[in-house]
Each structure stands twice: as C-alpha cells, then as structure tokens.
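The next block holds one structure in the form of structure tokens; read it before the comments.
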Amino acid sequence: MTPVTIASRALLLAGAAISLPALAFAQEAAQPEEMAQPATEEAAPATGAAPESDQIIVTATKREQTLQDVPIAVSVTSGQTIERAQIRDIKDLSSLVPSLRVNQLQSSANTNFFIRGFGNGANNPGIEPSVGVFIDGVYRSRSAAQIGDFPDVERIEVLRGPQSTLFGKNASAGVVSIVTAKPSFTFGGNAEASYGNYNSVVLKGLVTGPISDTVAVSLAGGYNRRDGTQHDLGTGIDVNDRNRWFVRGQVYAEPTTGLRVRLIGDYGRITELCCATVNLRPSGSTDAIRLLGGNVNTPDQAFSNKVYSSYRPENDIKNYGLSGQVDYDLGPLTFTSITAYRKSRTFANTDADFTSADLIGEFSADTKIRTFTQELRVATNIEGPLNFLAGAYYFNEKIDQTGALKWGADARGYADVLVRSISQNQLSLGGLEAVFGGLSGQDFSGRFFAVGQGMDEKYRLKNDAFSVFGQADFKIGDRVTLTGGVNYTKDRKRFATDVQTSDVFAQLDIAGLRTAAANFGIAQYIGREFFGVPVASAEQVQGFAAANPAGFAQINSVAQARTAPLLGLTKLQYLPGFLNVPNAVEPGKTRDSKVSWVARVAFDVTDQINLYASYATGFKASSINLSRDSRPSGMDQNAIESAGIQVVNQTYGSRYAGPEYAKVYEIGLKADWKVATANIALFQQSIEGFQSNVFTGSGFILANAGKETVKGIEFEGTVKPAKGWLFSAAFTYLDARYDSFKLSAVGDLSGTDPAGIPSLSTTFAAQKDFELPGGDHLIIRGDYHYESPSQIVEGMPAFLDFGVAAAVDAARPFRREVSEVNASITWAMQMGLELTVWGRNITNDRYLLNAFDSPAQPYSISGYTNQPRTWGGTVRYKF
C-alpha cells in the first residue's frame, strides 16, 4: 500500500467517524484552545480567548514528545476538556476514552480501572491493579489514593497496552497518568463554584505565582458535597452521597541553570455514606427476611433509587503524601529523581446483608497503607541518531488491615426460619441446639447465631520491589526510528493473617454429627438389646451390620434418610474456621522476577502521517488474597493433614494468585492534517495468568486464568471544518476470549467470553465556540457515549451446588449496556469570568455495574447500579 493510499484512507476514516454514534476522545486537545502547553513554557493567563498552539505534549515515554510523534497508543485529555465536558470525578473519564472503563463499587475507596478489557484490584487490598495510576510521576498503588476531583490538572494520559518496560510492575494492562500544572512564575489562578441537583455543592480554587525570581508556588483546594442519590427506606437516610475535600500545595524552583526542583504535598479526606446495593434476584432467604419484618427491594425496583439497610454505611478515607522531583541538565544528559511517601487510611462499615433486617450487625474494615517509592533515571537529548533513557525504581509498601463480620439482632430469627425450611419443619433453631448438644455433650442453648458472634480479622502485607530499566531510540535516516527497551523487576511479598471466629454454628462438624445422629437412630433399635447405651458407636454399628446385614440395611436406610436434611445445614456455616498463615506448611511468602521488553519501529510516511509497529511484554507480580476467603491451596491438603494443623470444616481455595505475563502485537497510524486528525491501532493483546478476583458473598476467590486474549481496533479522530467548530469521535472494538481458564470461581470457562468487556465502545462529541463582540466566547458542547451489551459477571459461585452450568446460567440475565448523553453551555468572558450550565447522563440511562451472590442469603443475587442524571451550574473566574 502506498503512502498516498494510506493517507487517503486515514482521511476517509477521520471524516466517516463523525457520523458514528461515538463520543469525544482525548484528541479534542487538538483544538487550539485546548492545547496543553509544553512544560518549558509559561501557561498563558486564562481568559475568554484561549492561547494558540498546534502541539500536544505528552510524557508517555518519560520524556517530552508531541502526541503525533509518540509511537504508542495513548489518549490525552486536557484540563480544559475536563472543564468543558464537566468531568466531575475520575470515573467520568470513561465517557471520553472508550478503551477505559472505571467502576466504583463496594465503597468510596474502591475504584477499578480497565483498559482494553483488562483490569482488577481495588476491593481487596492485597490485589494490586493491572492498570497503574500515576499522579505527577508518583505511582498510586491502591484506588483510595487515586480518587480526586482533578485540582489544577494539566492533562490526563491513558496509555493502552502493557507498559512494564518503563513503568515496571502493575502496568501489565496499561497506565493512567495524571499530570498537574506546576507553579507558574506569572501570578494567576482560578476560583470555581458549582451547584446542582441533589444539593450538590462544589468549590475549588487555585492560586499560583512567584515568591522570588527562582521560586514559584501554588496552592489548590476544593470541597465537594452532595446529598445521596439513593434513599434508604430502612434507615430513612439518603446514601451514595458526596462529602470530600482536598488541599494541594506545590513549590517549584530553578535555583541554578539546568536545575529544577518540584515539591508537592497533598491531603484529602472523604466521609461518605456509600455504597447502595439492590436485589436482582430473590430466593427463599428473601422470604425469610420478610417474615422477620425486614425488607429488600424487588428486581423491578432496581433503578428506583430506593434501597434497604439496617444501619448507616460509613466510609472514612484519609489520603496524604509528599513527593519531590529533581531534574538536572548536565550537557546532553538530564538526571531525574522522584521520591515519594504516601499514606492512606480507609475505614468502612457496611450493612453487608443489604436488607433492612439486622442480619449482619457489623461488617467493617480498617486499612492502613504506607508506600515509599524512589525513581532515578537519566535521559539523553542528543541531535544525533541515538538517544536513550535508563533508570532504577524502588517500591516499598506495608498494608495493615483489621476488620470484623458479626451477626446482628435478627440473625437467630433468620436462621430459625432457614433451619425449619431445610429440616422440612422437623426442627427449630432451638430444637437443633438441643439435638446437637445431646449428640456432642455440649450445651448449645442460645448459642447459634448469637448477636456479636462472627469473625475478627487481621491481615498484614509487606512488599518490596526493585526494577532497572532502559530504552533506546535509534534513527535511520530522517524518517525511521527503531526503539528497544528492557526492564528487570524483582518483587517480594510477605503476608500474615490472624483471623479468629466466634461463630459457634460455623465450627460444628455437621457431617460427624449427622453420623452420630444416624447411629442414635440405629441405637433406638439395637441399643437396649445389644449394648444398653442410647448411642451406638461406629464399631458397634459395624458389629451389628456384620451379624445381621439384612436388619442393619433396613434400619440404616431409615436412619440415613431421616438425618439427610442435617447436611443441608452446612449452607448456613457462613464463617467457618480459618487456618492462619504462616504455618507449618505455608510460609506466607512470594518471590517473583521477570524481564519485560519492547521492540518498535516507527516510520514517518510524511510530515503529517506516522506509522508504527511494536511488540511489548508486561509483568505483574503475585497478588495476595487478604480476605476471609483466603484458604490453603488444594495442593497443600495432604501436607496440612499430615501436619495436623487443619481446622474444623477446613476448606481449600487460594492464598494468592501467581504473576501475570502480558504481551501485545500492535500496528498503528497517526495522522495530523491540522484540520483533521486520525489515530488508528490494531492489536492482539494477551495475559497469561490473568488474576481473576470474584466476590462469593462472604469473601473473594482469587485465581489465575490460564490465558486471556483480546483482539481489537481503536480509532480516534477530530475534524475542525470551520473556525470554532470541533467534532471528535472514537471507537474501540474488542474480541475477547478465555483461551484457558480451568480453575475459575465457577468452573472451567475455557473458550468462553470474559464478562464485563463490551465488544463495541464508542464516543462522539461536537463543540462550537462562538466568538462574541468584545472578545467573549459562547461555547456549546455535547457528547455521547455508548457501550454494547455485555454480561457483567461470568457466574455465581453459590449456584455451584447445582453444577457449573447452573452457576453460569444464573449470571446470564445480568447485562450492561451504556447510552449516555452529556452537554454543557459556557459563556467565557474576556475579563476571566465563565458561566456554565451542564448536565451528565441527561437521558437518565440506568444500567448495572456489577452483580454478585448476596451475603448470607443462599441463591439470592445483589448488584450495584450507575449514577442517575445530574445537572447544575458553575461559575468560574480565572485571573
């Protein structure tokens, strides 16, 4: 194919995309008023007339390049686009970048990032994300440290595909890099106030300027509050609210020629009532809850914005840190050091049964995360054909989590209803206590499902990791660049648990008690005649069976049939004994190391069109299951039994998931004709050992998929047909498949489609900037985001009682389809004042975010829903 043909086809794609049902992609930054300024230039004063620029500067390769020249799949959203599109939270980014999906689920601290369908983490502190999040070059290891309201953001870069060569571990699926504006040597700033529905109030401010010829500072702060979007009929309060604030200070200095120092400190606090859960499928346990006087919504009320719980869902998050970056130019070399210390503390207490009955009286987790990172690197800036970057990175993190899950006041009544149902009304809970007490010789009166019984949990994790990396670019002539890069990462984790259960019923050996009950039944026939005791021992029963096989068969058949319902009671043993680690068999340690690399060739077809082809690998270290579902591997069963350390009702599962190994083949085209741009990427990306994390209703099953492959195509384009007009469009098509996944939470999923990955995601935006007399501007913007229907979970583990097919079928009805419209109108005055009215999800499109087995409610299913329509007005002043 000739360069002319390639250019023609790319131009046609860019024009054709305008007619697609798609929304604005990050290339909106190509509009002159939305261009990010190079880091070496002073930011122009923010007025109604935006500064002119024809380049977008990005740091996706840890050196400044234009978006056109960087030969990787990267999307850029400028700070002004965030303002115009009214991106109110980091999860709103999905409406601008179709390859990115952001979900908030279990609490205000849990934010999951997915790129090209790959991603995990957040709701289990031992699981590091596959998508790395960096803010000003500092890695944020957990989602609680990633939530923010975008103070003084200059741009957000989304790097798609494995980025482990330059970003080390935990970038096996991609990177989200948030870049804030450094302090300016020109005095300026902005102030913003918004008000919207649900009594939403947002206040933000930034002031920046010099304090000497060599030192500039900035201070940003904000406050964000909103009433809850869901009304809790159980407690009478509104939940899913907002109540958060932040402050962020920076110092930037250029004390001598070639030396630059940037210091950043921030503190944020979130205290919110989150997150509301709805019932999607009732069961017999739902009827039992209603018999107790409790309530739960019906599936047809899932999007009614009404939920039920018995107490307030608390979320209290403190997140703060310090970082320092030093850059020094020494001839053709630039040396960089980035040092950071961060601390996050998250407390959450949620009514985990999601009903107005007091079944679970406490479900709390208090998590402390302390992280220290150090990066050192050197980069060249040489006019010759060879340039390189090399460096080293150190990561140290400590996680301490304590928590509890305790039965509430209605637990005994609820269990009584279930016991009567399981025993076919032959036993009540009190009767069961008497029967089991008589069989075991203990007094169980009033002890089953008593208030306050449950689990007390403590988990600790220490993680050290070290990486060395390097990447070189070699130019052949004026138009061909060869790139090669390599990274070696070594990761070590040590973890320990201290989980104690006080749940009396969960610690019973029901199978053994059933055998004793059957022997009691046999003894009623044979005991007085042969043994003179009310319960026959196993040896006595065997002796009787040998002496009178026909009589034994008849008696045993009746005894086994009558005691069979007792085995059904094992479904009520929600909190069984826990084998803590380290122990005689499990050391509680993981050690991983891997070499990742990238090879790329880039060809400048013309000054406007660039082609590239690349192969890259990625690595993510082992993740640890820090939850009550952390169980020994089945491969350790014999060793555990031989050591005699197993607990009653010992179960097996996973303590951790092994490393992920990613690779991607990719070819791409980037074109910029000033009036139009087009970026296209075709790829095949796979991850071996993908770390799957599935909520079971009481904990998490963490397992490695054998291999997951996604083939796809991505397009981003903009067109500026006339002055003031900007159209932008993008689409992502993904064909995903589990090549091998035999040990999933619901059985063998090999050859099936992974859940949560829409085959088509599209975005489209249109913006018109009307220049008014006197230099004012009227800016009208609308955008649309669509995701094709996709199943949101692969299966429901609780339904494995009926087989793998039943577990998979139980999840099939729950699908996600997104069709959201957003819009804004801004009057930007020459003197710096801006007035905006805006709306997000204007059509009030409602859909499910996730579904899972309802805790303590066999065969019931719960889920999370998206946010309803929001709207408001904003006043902003820039000076």
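FYI, nothing fancy with the structure tokens labels: chains A, B, ... in order, residues from 1 per chain, ligands from 1 as they appear.
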
Going by DSSP on the backbone, which bits of region 330-430 of chain A are strand (DSSP E)? Write them as number ranges by chain, please. A: 330, 333-349, 360-380, 386-407

Considering only C-alpha atoms, return as a PDB file with C-alpha atoms, in the first residue's frame whatever protein or nucleic-acid residues lie within 8 Å of region 168-175 of chain A, sequence-local ones (same chain, fewer than 4 positions apart) excluded.
ATOM      1  CA  PHE A 114      -9.931  -1.410  32.980  1.00  0.00           C
ATOM      2  CA  ILE A 115      -8.087  -0.765  29.703  1.00  0.00           C
ATOM      3  CA  ARG A 116      -8.937  -2.861  26.636  1.00  0.00           C
ATOM      4  CA  PHE A 118      -8.083  -5.886  31.313  1.00  0.00           C
ATOM      5  CA  GLY A 119      -8.094  -4.759  34.933  1.00  0.00           C
ATOM      6  CA  GLU A 128      -2.535  -4.695  43.064  1.00  0.00           C
ATOM      7  CA  PRO A 129      -4.160  -3.271  39.945  1.00  0.00           C
ATOM      8  CA  SER A 130      -3.256  -4.296  36.411  1.00  0.00           C
ATOM      9  CA  VAL A 131      -3.685  -0.654  35.361  1.00  0.00           C
ATOM     10  CA  GLY A 132      -1.090   1.549  37.013  1.00  0.00           C
ATOM     11  CA  VAL A 133      -2.190   5.011  38.131  1.00  0.00           C
ATOM     12  CA  PHE A 134       0.457   7.730  38.369  1.00  0.00           C
ATOM     13  CA  GLU A 157      -2.775  10.450  29.595  1.00  0.00           C
ATOM     14  CA  VAL A 158      -4.195   6.947  29.131  1.00  0.00           C
ATOM     15  CA  LEU A 159      -1.542   4.544  27.832  1.00  0.00           C
ATOM     16  CA  ARG A 160      -3.090   1.408  26.373  1.00  0.00           C
ATOM     17  CA  GLY A 161      -1.418  -1.978  26.444  1.00  0.00           C
ATOM     18  CA  PRO A 162       1.475  -3.313  28.586  1.00  0.00           C
ATOM     19  CA  GLN A 163       3.754  -0.523  29.824  1.00  0.00           C
ATOM     20  CA  SER A 164       6.041  -2.539  32.100  1.00  0.00           C
ATOM     21  CA  SER A 467      13.361  -2.520  38.879  1.00  0.00           C
ATOM     22  CA  ASN A 487      13.033  -3.926  32.283  1.00  0.00           C
ATOM     23  CA  THR A 489      11.735  -6.387  38.064  1.00  0.00           C
ATOM     24  CA  THR A 617       5.572  -7.631  27.121  1.00  0.00           C
ATOM     25  CA  GLY A 618       4.339  -6.818  30.602  1.00  0.00           C
ATOM     26  CA  PHE A 619       4.571  -8.218  34.099  1.00  0.00           C
ATOM     27  CA  LYS A 620       2.513  -8.038  37.250  1.00  0.00           C
ATOM     28  CA  ALA A 621       3.703  -9.743  40.423  1.00  0.00           C
ATOM     29  CA  GLU A 660       0.549 -12.060  35.181  1.00  0.00           C
ATOM     30  CA  TYR A 661       2.539 -12.082  31.953  1.00  0.00           C
ATOM     31  CA  ALA A 662       1.236  -9.816  29.202  1.00  0.00           C
TER      32      ALA A 662
END

Compile the contact shell of Phe603 (chain A) as a PyMOL selection string: residues with an atom at most 6 Å away, counting only C-alpha atoms, same-chain residues fewer than 3 positions apart removed. chain A and resi 479-480+610-611

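Closest to Thr762 (chain A) among A:Thr66, A:Pro98, A:Ser790, A:Val581 is A:Pro98, based on only C-alpha atoms.
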
Which of region 326-548 of chain A DSSP labels helix (DSSP H, G or I), written as a PyMOL selection string: chain A and resi 411-422+429-440+505-507+510-531+538-547

Please provide the set of residues having any atom within 8 Å of region 307-323 of chain A, restricted to only C-alpha atoms, with same-chain residues fewer than 2 positions apart removed, written as a PyMOL selection string. chain A and resi 107-109+138+144-145+230-235+239+263-278+295-297+305+325+338-351+353-358

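For the set A:Thr870, A:Ala288, A:Phe520, A:Tyr859, the residue with the smallest atom-to-atom gap to Gly228 (chain A) is A:Thr870, counting only C-alpha atoms.
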
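Nearest-residue note for Val710 (chain A): choosing from A:Ala828, A:Ala379, A:Leu682, A:Ala722, the minimum distance belongs to A:Leu682, counting only C-alpha atoms.
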
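The environment of Glu375 (chain A) within 6 Å, counting only C-alpha atoms and disregarding residues fewer than 3 places along the same chain, consists of Ser337, Ile338, Ala392 and Tyr393 of chain A.
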
With only C-alpha atoms as the basis for distance, which of A:Thr214, A:Gln685, A:Thr229, A:Thr696 is at the shortest distance from Pro855 (chain A)? A:Thr696
